[in-house]
Structures are given as structure tokens and as C-alpha cells.
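Next comes run_7.tsv, with TSV, C-alpha atoms (C1' of nucleotides).
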chain	number	residue	atom	x	y	z
A	1	MET	CA	110.78	131.14	116.78
A	2	ALA	CA	114.39	130.41	115.98
A	3	MET	CA	113.62	128.59	112.78
A	4	PRO	CA	114.55	130.30	109.52
A	5	ILE	CA	111.57	131.21	107.38
A	6	ALA	CA	112.56	129.08	104.42
A	7	GLN	CA	112.94	125.95	106.50
A	8	ASP	CA	109.62	126.61	108.13
A	9	ILE	CA	108.00	126.60	104.71
A	10	LEU	CA	109.70	123.34	103.79
A	11	LYS	CA	108.47	121.73	106.96
A	12	LYS	CA	104.92	122.89	106.33
A	13	CYS	CA	105.09	121.43	102.84
A	14	ASP	CA	106.07	118.10	104.28
A	15	GLU	CA	103.12	118.15	106.63
A	16	VAL	CA	100.58	119.33	104.10
A	17	SER	CA	101.73	116.87	101.48
A	18	GLN	CA	100.87	114.10	103.90
A	19	LEU	CA	97.35	115.39	104.08
A	20	LEU	CA	97.09	115.80	100.32
A	21	LYS	CA	98.22	112.23	99.88
A	22	ILE	CA	95.01	111.16	101.52
A	23	LEU	CA	92.87	113.31	99.25
A	24	ALA	CA	94.78	112.16	96.21
A	25	HIS	CA	92.85	108.98	95.68
A	26	PRO	CA	89.69	108.93	93.61
A	27	ASP	CA	87.71	106.87	96.07
A	28	ARG	CA	88.82	108.77	99.14
A	29	LEU	CA	88.04	112.04	97.43
A	30	ARG	CA	84.61	110.71	96.52
A	31	ILE	CA	84.01	109.91	100.15
A	32	LEU	CA	85.11	113.33	101.34
A	33	CYS	CA	83.12	114.99	98.62
A	34	ARG	CA	80.04	113.13	99.79
A	35	LEU	CA	80.69	114.03	103.41
A	36	LEU	CA	81.02	117.67	102.47
A	37	ASP	CA	77.26	117.58	102.08
A	38	GLY	CA	76.74	116.16	105.55
A	39	LYS	CA	77.28	113.03	107.60
A	40	ALA	CA	76.42	109.64	106.18
A	41	THR	CA	76.46	105.98	107.09
A	42	VAL	CA	78.99	103.54	105.70
A	43	GLY	CA	76.27	102.01	103.57
A	44	GLU	CA	75.18	105.31	102.14
A	45	ILE	CA	78.74	106.20	101.32
A	46	THR	CA	79.36	102.81	99.76
A	47	GLU	CA	76.38	103.21	97.50
A	48	PHE	CA	76.90	106.85	96.58
A	49	CYS	CA	80.59	106.47	95.86
A	50	GLU	CA	80.34	103.12	94.12
A	51	ILE	CA	83.08	101.51	96.16
A	52	SER	CA	83.09	98.05	97.69
A	53	GLN	CA	82.01	97.70	101.31
A	54	SER	CA	85.43	96.56	102.40
A	55	ALA	CA	87.27	99.37	100.67
A	56	THR	CA	84.88	101.98	101.97
A	57	SER	CA	85.33	100.78	105.51
A	58	GLN	CA	89.08	100.74	105.16
A	59	PHE	CA	89.22	104.21	103.73
A	60	LEU	CA	86.96	105.55	106.45
A	61	ALA	CA	89.03	103.90	109.16
A	62	ARG	CA	92.22	105.32	107.79
A	63	MET	CA	90.88	108.81	107.46
A	64	LYS	CA	89.53	108.61	110.97
A	65	THR	CA	92.90	107.52	112.27
A	66	GLU	CA	94.49	110.44	110.46
A	67	GLY	CA	92.11	112.76	112.23
A	68	LEU	CA	90.17	113.83	109.16
A	69	LEU	CA	86.94	112.10	110.05
A	70	SER	CA	84.92	111.37	113.14
A	71	SER	CA	82.26	108.74	113.63
A	72	GLU	CA	79.28	108.06	115.85
A	73	ARG	CA	77.35	104.88	116.11
A	74	GLU	CA	73.56	104.88	116.04
A	75	GLY	CA	72.28	101.39	116.49
A	76	SER	CA	73.78	99.23	113.82
A	77	TYR	CA	74.68	102.19	111.69
A	78	VAL	CA	77.83	104.25	111.94
A	79	TYR	CA	77.74	107.83	110.79
A	80	TYR	CA	80.91	109.44	109.54
A	81	SER	CA	81.57	113.13	109.14
A	82	ILE	CA	84.44	115.47	108.46
A	83	ALA	CA	86.22	116.31	111.68
A	84	ASP	CA	88.44	119.18	110.66
A	85	ARG	CA	87.19	122.62	109.78
A	86	ARG	CA	90.24	123.36	107.66
A	87	LEU	CA	89.57	120.29	105.57
A	88	VAL	CA	86.07	121.51	104.89
A	89	GLN	CA	87.50	124.82	103.72
A	90	LEU	CA	90.00	123.08	101.51
A	91	LEU	CA	87.43	120.77	99.95
A	92	ARG	CA	85.14	123.69	99.29
A	93	SER	CA	87.85	125.60	97.54
A	94	ILE	CA	88.76	122.58	95.45
A	95	ARG	CA	85.13	122.26	94.53
A	96	ASP	CA	84.92	125.94	93.69
A	97	SER	CA	87.98	125.85	91.49
A	98	TYR	CA	87.53	122.56	89.73
A	99	CYS	CA	83.86	121.60	89.85
A	100	ALA	CA	82.13	124.80	88.80
A	101	LYS	CA	79.94	124.90	85.73
B	1	MET	CA	73.85	117.12	79.71
B	2	ALA	CA	72.42	113.64	80.02
B	3	MET	CA	74.75	112.61	82.79
B	4	PRO	CA	73.21	112.09	86.22
B	5	ILE	CA	74.46	114.53	88.83
B	6	ALA	CA	75.96	111.91	91.12
B	7	GLN	CA	78.00	110.33	88.36
B	8	ASP	CA	79.21	113.73	87.29
B	9	ILE	CA	80.56	114.29	90.77
B	10	LEU	CA	82.29	110.93	90.77
B	11	LYS	CA	83.94	111.72	87.48
B	12	LYS	CA	85.15	115.08	88.72
B	13	CYS	CA	86.64	113.38	91.76
B	14	ASP	CA	88.58	111.07	89.52
B	15	GLU	CA	89.98	113.99	87.59
B	16	VAL	CA	90.80	116.15	90.57
B	17	SER	CA	92.42	113.29	92.45
B	18	GLN	CA	94.88	112.99	89.59
B	19	LEU	CA	95.87	116.58	90.10
B	20	LEU	CA	96.12	116.19	93.84
B	21	LYS	CA	98.39	113.21	93.37
B	22	ILE	CA	100.93	115.57	91.93
B	23	LEU	CA	100.68	118.00	94.81
B	24	ALA	CA	100.84	115.17	97.32
B	25	HIS	CA	104.59	114.83	97.34
B	26	PRO	CA	106.70	116.89	99.72
B	27	ASP	CA	109.25	117.90	97.13
B	28	ARG	CA	106.74	118.75	94.43
B	29	LEU	CA	104.73	120.77	96.89
B	30	ARG	CA	107.89	122.60	97.87
B	31	ILE	CA	108.50	123.45	94.26
B	32	LEU	CA	104.97	124.69	93.72
B	33	CYS	CA	105.09	126.63	96.94
B	34	ARG	CA	108.25	128.35	95.77
B	35	LEU	CA	106.75	129.10	92.37
B	36	LEU	CA	103.71	130.62	94.01
B	37	ASP	CA	106.02	133.53	94.82
B	38	GLY	CA	107.09	133.93	91.21
B	39	LYS	CA	109.06	132.22	88.48
B	40	ALA	CA	112.46	130.73	89.24
B	41	THR	CA	115.29	128.88	87.55
B	42	VAL	CA	115.94	125.21	88.09
B	43	GLY	CA	118.99	126.10	90.15
B	44	GLU	CA	117.10	128.48	92.38
B	45	ILE	CA	114.41	125.91	92.94
B	46	THR	CA	116.95	123.21	93.64
B	47	GLU	CA	118.60	125.34	96.28
B	48	PHE	CA	115.48	126.70	97.90
B	49	CYS	CA	113.72	123.37	98.08
B	50	GLU	CA	116.76	121.34	99.07
B	51	ILE	CA	116.24	118.70	96.44
B	52	SER	CA	118.86	117.13	94.20
B	53	GLN	CA	119.39	118.60	90.75
B	54	SER	CA	118.22	115.45	89.07
B	55	ALA	CA	115.09	115.11	91.09
B	56	THR	CA	114.21	118.77	90.66
B	57	SER	CA	114.54	118.53	86.93
B	58	GLN	CA	112.46	115.39	86.81
B	59	PHE	CA	109.71	116.87	88.92
B	60	LEU	CA	109.64	120.02	86.84
B	61	ALA	CA	109.49	118.06	83.63
B	62	ARG	CA	106.65	115.96	84.89
B	63	MET	CA	104.61	118.88	86.12
B	64	LYS	CA	105.17	120.65	82.83
B	65	THR	CA	103.96	117.61	80.95
B	66	GLU	CA	100.89	117.54	83.14
B	67	GLY	CA	100.18	121.12	82.19
B	68	LEU	CA	100.79	122.60	85.63
B	69	LEU	CA	103.96	124.46	84.77
B	70	SER	CA	105.39	126.35	81.85
B	71	SER	CA	109.01	127.17	81.14
B	72	GLU	CA	111.05	129.68	79.19
B	73	ARG	CA	114.73	129.56	78.50
B	74	GLU	CA	116.92	132.58	79.00
B	75	GLY	CA	120.44	131.81	77.95
B	76	SER	CA	121.62	128.85	79.92
B	77	TYR	CA	118.91	129.27	82.51
B	78	VAL	CA	115.40	127.90	82.33
B	79	TYR	CA	112.67	129.67	84.22
B	80	TYR	CA	109.66	127.73	85.41
B	81	SER	CA	106.35	129.14	86.50
B	82	ILE	CA	102.85	127.97	87.34
B	83	ALA	CA	100.80	127.70	84.19
B	84	ASP	CA	97.32	127.25	85.54
B	85	ARG	CA	95.34	129.96	87.28
B	86	ARG	CA	93.21	127.47	89.15
B	87	LEU	CA	96.29	125.86	90.58
B	88	VAL	CA	97.43	129.22	91.91
B	89	GLN	CA	94.05	129.61	93.59
B	90	LEU	CA	94.24	126.15	95.07
B	91	LEU	CA	97.77	126.62	96.38
B	92	ARG	CA	96.80	129.93	97.92
B	93	SER	CA	93.88	128.42	99.71
B	94	ILE	CA	96.02	125.57	100.98
B	95	ARG	CA	98.48	128.12	102.24
B	96	ASP	CA	95.70	130.12	103.86
B	97	SER	CA	94.26	127.12	105.62
B	98	TYR	CA	97.39	125.32	106.69
B	99	CYS	CA	100.26	127.78	106.78
B	100	ALA	CA	98.79	130.68	108.71
B	101	LYS	CA	100.31	131.81	111.96
C	1	DA	C1'	70.23	81.53	120.60
C	2	DC	C1'	69.80	82.06	115.61
C	3	DA	C1'	69.53	84.61	111.39
C	4	DT	C1'	70.49	88.62	109.15
C	5	DA	C1'	72.32	93.16	108.12
C	6	DA	C1'	75.94	96.62	108.90
C	7	DT	C1'	80.50	97.43	109.63
C	8	DA	C1'	85.43	96.21	110.46
C	9	DT	C1'	89.76	93.66	110.03
C	10	DT	C1'	93.45	90.97	107.95
C	11	DA	C1'	96.32	89.32	104.46
C	12	DT	C1'	98.54	89.40	100.13
C	13	DA	C1'	99.60	89.64	95.18
C	14	DG	C1'	100.21	93.08	91.94
C	15	DA	C1'	100.82	97.81	90.32
C	16	DA	C1'	102.58	102.23	90.67
C	17	DA	C1'	105.69	105.59	92.33
C	18	DA	C1'	110.09	107.18	94.64
C	19	DT	C1'	115.15	107.27	95.00
C	20	DT	C1'	119.53	107.49	93.27
C	21	DA	C1'	123.36	107.27	90.42
C	22	DA	C1'	125.19	107.79	86.21
C	23	DT	C1'	125.20	109.96	81.96
C	24	DA	C1'	123.78	113.20	78.36
C	25	DT	C1'	122.64	117.66	76.28
C	26	DA	C1'	122.74	122.66	75.76
C	27	DG	C1'	124.61	127.14	76.45
C	28	DT	C1'	128.41	130.52	77.58
C	29	DC	C1'	132.93	132.19	77.76
C	30	DC	C1'	137.83	132.04	76.74
D	1	DG	C1'	137.37	123.79	70.07
D	2	DG	C1'	137.84	123.08	75.23
D	3	DA	C1'	136.30	124.00	79.88
D	4	DC	C1'	132.68	125.02	82.67
D	5	DT	C1'	127.90	125.64	84.25
D	6	DA	C1'	122.97	124.68	83.89
D	7	DT	C1'	119.63	121.51	82.83
D	8	DA	C1'	117.75	117.03	81.17
D	9	DT	C1'	117.41	112.04	80.56
D	10	DT	C1'	117.93	107.10	81.56
D	11	DA	C1'	117.68	103.19	83.97
D	12	DA	C1'	117.55	100.06	87.93
D	13	DT	C1'	116.36	99.21	92.66
D	14	DT	C1'	113.51	99.80	96.37
D	15	DT	C1'	109.62	101.36	98.67
D	16	DT	C1'	105.01	102.41	99.00
D	17	DC	C1'	100.19	101.92	97.52
D	18	DT	C1'	96.18	99.50	95.72
D	19	DA	C1'	92.74	96.05	95.05
D	20	DT	C1'	90.51	92.16	96.49
D	21	DA	C1'	89.07	88.29	98.88
D	22	DA	C1'	88.13	86.15	102.88
D	23	DT	C1'	86.84	86.46	107.44
D	24	DA	C1'	85.48	88.66	111.75
D	25	DT	C1'	82.77	91.68	114.73
D	26	DT	C1'	78.68	94.19	116.30
D	27	DA	C1'	73.88	95.09	116.50
D	28	DT	C1'	68.89	94.07	115.66
D	29	DG	C1'	64.79	91.33	115.44
D	30	DT	C1'	62.50	86.87	116.19
Would you kindly transcribe this structure into C-alpha cells?
Amino acid sequence: MAMPIAQDILKKCDEVSQLLKILAHPDRLRILCRLLDGKATVGEITEFCEISQSATSQFLARMKTEGLLSSEREGSYVYYSIADRRLVQLLRSIRDSYCAK
Amino acid sequence: MAMPIAQDILKKCDEVSQLLKILAHPDRLRILCRLLDGKATVGEITEFCEISQSATSQFLARMKTEGLLSSEREGSYVYYSIADRRLVQLLRSIRDSYCAK
DNA sequence: ACATAATATTATAGAAAATTAATATAGTCC
DNA sequence: GGACTATATTAATTTTCTATAATATTATGT
């Protein structure tokens, strides 16, 4: 409450830029874009996004660590999905702005 | 028209991730955040964002080159502003999602 | 237990980007 | 022209990512 408004904005920018850094990679964005349409297994994501198995798994792990994704195992498959509602909103608005016909 | 839907999505992701890469830096995001409230001189931006003069100028130049910003000189001052409407939309929605009370 | 498929981890060489300092240019005023 | 302010450029070092290969783990079916 004691923080000046301008500094508050700067701090927010620092936080948000960290998040954007994660989106700012073609493969990671592909993954998120795929997950925007619903949960998927690592294999499905690998195939859809045309990324190597190893890279896909690494990206998923990182995004899970960062709190963007959650996962649930079903047998030998692991389903990933977007964990944060705000991220869904953001991805939708990116899609609306930049992927419209 | 002949491009499969999935590949089209992948291509869009590649493009958009390039844009996000620019936003994904604390100082550049600060600058854009400031410019969301209207055009400003290099000096004003430098002060508001607490970045060095050199870095500010470099960031501005880069973002102008990338087509995100435009500039107009008035005497010894140079005013920068956001050049792309879609970017304004995107920044607003980021602000709405992540900077609300 | 073995074979196989799905997923995860580790390590590292190479590429790309950030940081900073120093210097240069352009404009204004006297 | 000289001094001063605003902005821009350059270059070099360091830090941070990326890409890839190799290997490891976990689960299923026989």
C-alpha cells in the first residue's frame, strides 16, 4: 500500500516479462496453442507441434515448474493442460489479435 | 489456401513468438507499458522506466525497426509511440489479466 | 522377468541476446 | 562558432538460451 504507483507498474512489468519469456519461443507457443484446445498427451503434443520427444518433454516440464501447466498420469500416458486461467485468457487474446482470418 | 490447418497454426506460432520475444524483456515491457498511456520522449521514457539513456535508445530503435513503434521529432526531442493497433490490444489485455487489483 | 512404448532427465556445444561503457550526432541557445 | 542538452551508435564482454544426443525411468503386456 505504501508503494508508489510508478514503481508498482515497473515491478509488474518485471513479473509479466518473465511469463512472456516462456511464451516467446516458437515451440513452447505451439504447445500452449495446442493445449488451448484441450488437454493432450506428450505424444500427441509431440506429433502435433512437430517437436522432438526430448524437447517436448523438457518444455512441458519447465512450464509445469513455472506453474503454467498441470499434468495427470493415466496409465503410461501423461496428460498436460493449462493450469492458469489468466494464461488461457491471454492466449485467447493473442489468438484473436494475431490469428484471425 | 492449400495449406493444412495444423501447419498454418504452427506458422502463426512462429511469427507471434517473434513478437512476444520483444515484449519478453522487463525494460522493453516497461517502455511499452509507458507508451500505452500515450507518446513520450526518450528522456521521459528513460526516467519513468529507470533505464539508462543508452539502453532506452537502443530498445526504442529496435522496436521501431521491428515495426512496433513510430517516432516523430519535435525540435531536439523525439517522441515515440506505439505504431500497431494490435499491439495496443495485446498490451491492454495483458494489463487486464495481470495488473488488475 | 523381458520387451516395448511413453515419458523424463542430463549434459554440453553452439548461438543468440543482454549489459555497459565509450563515443558520436543533432538540435538549441547565446 | 561554442556550450549544452537530447538522442543515437558502436563495440566488446558476459550471460542466458537453444538444440541435440544420449541415457534413464515408468508403465503395460506377454
- [ ] Return as a list in words the residues belonging to chain C that are within 9 Å of chain B, counting all atoms listed in the file.
- [x]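 The complete set of qualifying residues is DT19, DA26, DG27 and DT28 of chain C.
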12 Å contact set for Glu15 of chain A, all atoms listed in the file, chain neighbours under 6 positions out, as an mmCIF file with C-alpha atoms, in the frame of the given file:
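Once written, selection.cif looks like this:
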data_model
loop_
_atom_site.group_PDB
_atom_site.id
_atom_site.type_symbol
_atom_site.label_atom_id
_atom_site.label_comp_id
_atom_site.auth_asym_id
_atom_site.auth_seq_id
_atom_site.Cartn_x
_atom_site.Cartn_y
_atom_site.Cartn_z
ATOM 1 C CA ASP A 8 109.620 126.610 108.130
ATOM 2 C CA ILE A 9 108.000 126.600 104.710
ATOM 3 C CA LYS A 21 98.220 112.230 99.880
ATOM 4 C CA ILE A 22 95.010 111.160 101.520
ATOM 5 C CA ALA B 24 100.840 115.170 97.320
ATOM 6 C CA HIS B 25 104.590 114.830 97.340
ATOM 7 C CA PRO B 26 106.700 116.890 99.720
ATOM 8 C CA ASP B 27 109.250 117.900 97.130
ATOM 9 C CA LEU B 29 104.730 120.770 96.890
ATOM 10 C CA ARG B 30 107.890 122.600 97.870
ATOM 11 C CA ILE B 94 96.020 125.570 100.980
ATOM 12 C CA ARG B 95 98.480 128.120 102.240
ATOM 13 C CA TYR B 98 97.390 125.320 106.690
ATOM 14 C CA CYS B 99 100.260 127.780 106.780
#
Open item on the list: Please find the residues of chain D near chain B - the criterion being any atom within 12 Å, counting all atoms listed in the file - and write them as number ranges by chain.
Closed with: D: 5-10
Write out, as a JSON list (two decimals), keeping the file's coordinate frame, the residues just selected, with C-alpha atoms (C1' of nucleotides).
[["chain", "number", "residue", "atom", "x", "y", "z"],
["D", 5, "DT", "C1'", 127.90, 125.64, 84.25],
["D", 6, "DA", "C1'", 122.97, 124.68, 83.89],
["D", 7, "DT", "C1'", 119.63, 121.51, 82.83],
["D", 8, "DA", "C1'", 117.75, 117.03, 81.17],
["D", 9, "DT", "C1'", 117.41, 112.04, 80.56],
["D", 10, "DT", "C1'", 117.93, 107.10, 81.56]]
Task: Shortest interatomic distance to chain A - which of B:Glu66, B:Asp37, B:Glu44, B:Glu50, counting only C-alpha atoms - done: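 With only C-alpha atoms as the atom set, the closest residue is B:Glu50.
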Task: Nearest to chain A by atom-to-atom distance, counting only C-alpha atoms, from B:Ile5, B:Leu19, B:Met63, B:Ile45 - done: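 Closest candidate: B:Leu19.
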Open item on the list: Set the distance at 10 Å and use all atoms listed in the file: which residues neighbour DA18 of chain C once local chain neighbours fewer than 4 positions away are removed? I'd like the list as a PyMOL selection string.
Closed with: (chain B and resi 25) or (chain D and resi 14-16)
Open item on the list: Taking (100.3, 92.0, 99.7) as a centre in this file's frame and 10 Å as the limit, can you find every polymer residue with an atom that close, using only C-alpha atoms (C1' of nucleotides), and give them as a ChimeraX atom specification?
Closed with: /C:11-14 /D:18-19
Task: Option closest in space to chain B, from A:Arg73, A:Lys12, A:Arg62, A:Lys39 [counting only C-alpha atoms] - done: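 Once distances to chain B are computed over only C-alpha atoms, the minimum belongs to A:Lys12.
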Open item on the list: Using only C-alpha atoms for the distances, tell me which of B:Ser81, B:Ala100, B:Leu87, B:Ser17 is nearest to Ile31 of chain B.
Closed with: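 Closest to Ile31 of chain B, using only C-alpha atoms: B:Ser81.
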Open item on the list: What's the separation between atom C1' of DT10 of chain C and atom CA of Thr46 of chain A, in Å to one decimal place?
Closed with: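 The value is 20.1 Å.
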TODO: Can you work out the spacing between atom CA of Ala83 of chain A and atom CA of Arg92 of chain B in Å, to one decimal?
DONE: 22.1 Å
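Put simply, atom CA of Ser70 of chain B is 6.3 Å away from atom CA of Ile82 of chain B.
With all atoms listed in the file as the atoms that count, the residue of B:Ile51, B:Leu90, B:Leu69, B:Ala40 with the shortest distance to chain A is B:Leu90.
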TODO: Tell me which of B:Arg34, B:Phe59, B:Pro4, B:Cys13 sits closest to chain A, counting all atoms listed in the file.
DONE: B:Cys13
Would you mind listing what lies within 12 Å of DT4 of chain C as a PDB file with C-alpha atoms (C1' of nucleotides), keeping the file's coordinate frame, with all atoms listed in the file counted and same-chain residues fewer than 4 positions away left out?
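Dumped everything to selection_18.pdb:
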ATOM      1  C1'  DA D  27      73.880  95.090 116.500  1.00  0.00           C
ATOM      2  C1'  DT D  28      68.890  94.070 115.660  1.00  0.00           C
ATOM      3  C1'  DG D  29      64.790  91.330 115.440  1.00  0.00           C
ATOM      4  C1'  DT D  30      62.500  86.870 116.190  1.00  0.00           C
TER       5       DT D  30
END
Where atoms are lacking, segment 6-26 of chain B completed to N, CA and C atoms, as a compact mmCIF listing (two decimals), keeping the file's coordinate frame:
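Saved file part.txt follows:
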# COMPACT_ATOMS: atom_id res chain seq x y z
N ALA B 6 75.05 112.66 90.26
CA ALA B 6 75.96 111.91 91.12
C ALA B 6 77.17 111.40 90.33
N GLN B 7 76.91 110.87 89.17
CA GLN B 7 78.00 110.33 88.36
C GLN B 7 78.94 111.43 87.91
N ASP B 8 78.39 112.60 87.67
CA ASP B 8 79.21 113.73 87.29
C ASP B 8 80.19 114.06 88.40
N ILE B 9 79.70 114.03 89.62
CA ILE B 9 80.56 114.29 90.77
C ILE B 9 81.67 113.26 90.86
N LEU B 10 81.30 112.00 90.68
CA LEU B 10 82.29 110.93 90.77
C LEU B 10 83.38 111.13 89.72
N LYS B 11 82.97 111.52 88.56
CA LYS B 11 83.94 111.72 87.48
C LYS B 11 84.89 112.87 87.81
N LYS B 12 84.32 113.94 88.32
CA LYS B 12 85.15 115.08 88.72
C LYS B 12 86.17 114.66 89.77
N CYS B 13 85.73 113.85 90.71
CA CYS B 13 86.64 113.38 91.76
C CYS B 13 87.81 112.63 91.16
N ASP B 14 87.52 111.82 90.16
CA ASP B 14 88.58 111.07 89.52
C ASP B 14 89.60 112.00 88.88
N GLU B 15 89.08 113.04 88.24
CA GLU B 15 89.98 113.99 87.59
C GLU B 15 90.82 114.75 88.61
N VAL B 16 90.12 115.30 89.59
CA VAL B 16 90.80 116.15 90.57
C VAL B 16 91.81 115.35 91.39
N SER B 17 91.48 114.09 91.66
CA SER B 17 92.42 113.29 92.45
C SER B 17 93.74 113.10 91.70
N GLN B 18 93.66 113.07 90.39
CA GLN B 18 94.88 112.99 89.59
C GLN B 18 95.77 114.21 89.81
N LEU B 19 95.12 115.35 89.85
CA LEU B 19 95.87 116.58 90.10
C LEU B 19 96.47 116.57 91.50
N LEU B 20 95.65 116.18 92.46
CA LEU B 20 96.12 116.19 93.84
C LEU B 20 97.28 115.23 94.05
N LYS B 21 97.29 114.17 93.27
CA LYS B 21 98.39 113.21 93.37
C LYS B 21 99.72 113.90 93.10
N ILE B 22 99.69 114.85 92.24
CA ILE B 22 100.93 115.57 91.93
C ILE B 22 101.35 116.48 93.08
N LEU B 23 100.37 117.12 93.68
CA LEU B 23 100.68 118.00 94.81
C LEU B 23 101.09 117.20 96.05
N ALA B 24 100.69 115.96 96.09
CA ALA B 24 100.84 115.17 97.32
C ALA B 24 102.22 114.54 97.45
N HIS B 25 103.22 115.31 97.15
CA HIS B 25 104.59 114.83 97.34
C HIS B 25 105.37 116.00 97.93
N PRO B 26 106.06 115.77 99.02
CA PRO B 26 106.70 116.89 99.72
C PRO B 26 107.56 117.75 98.80
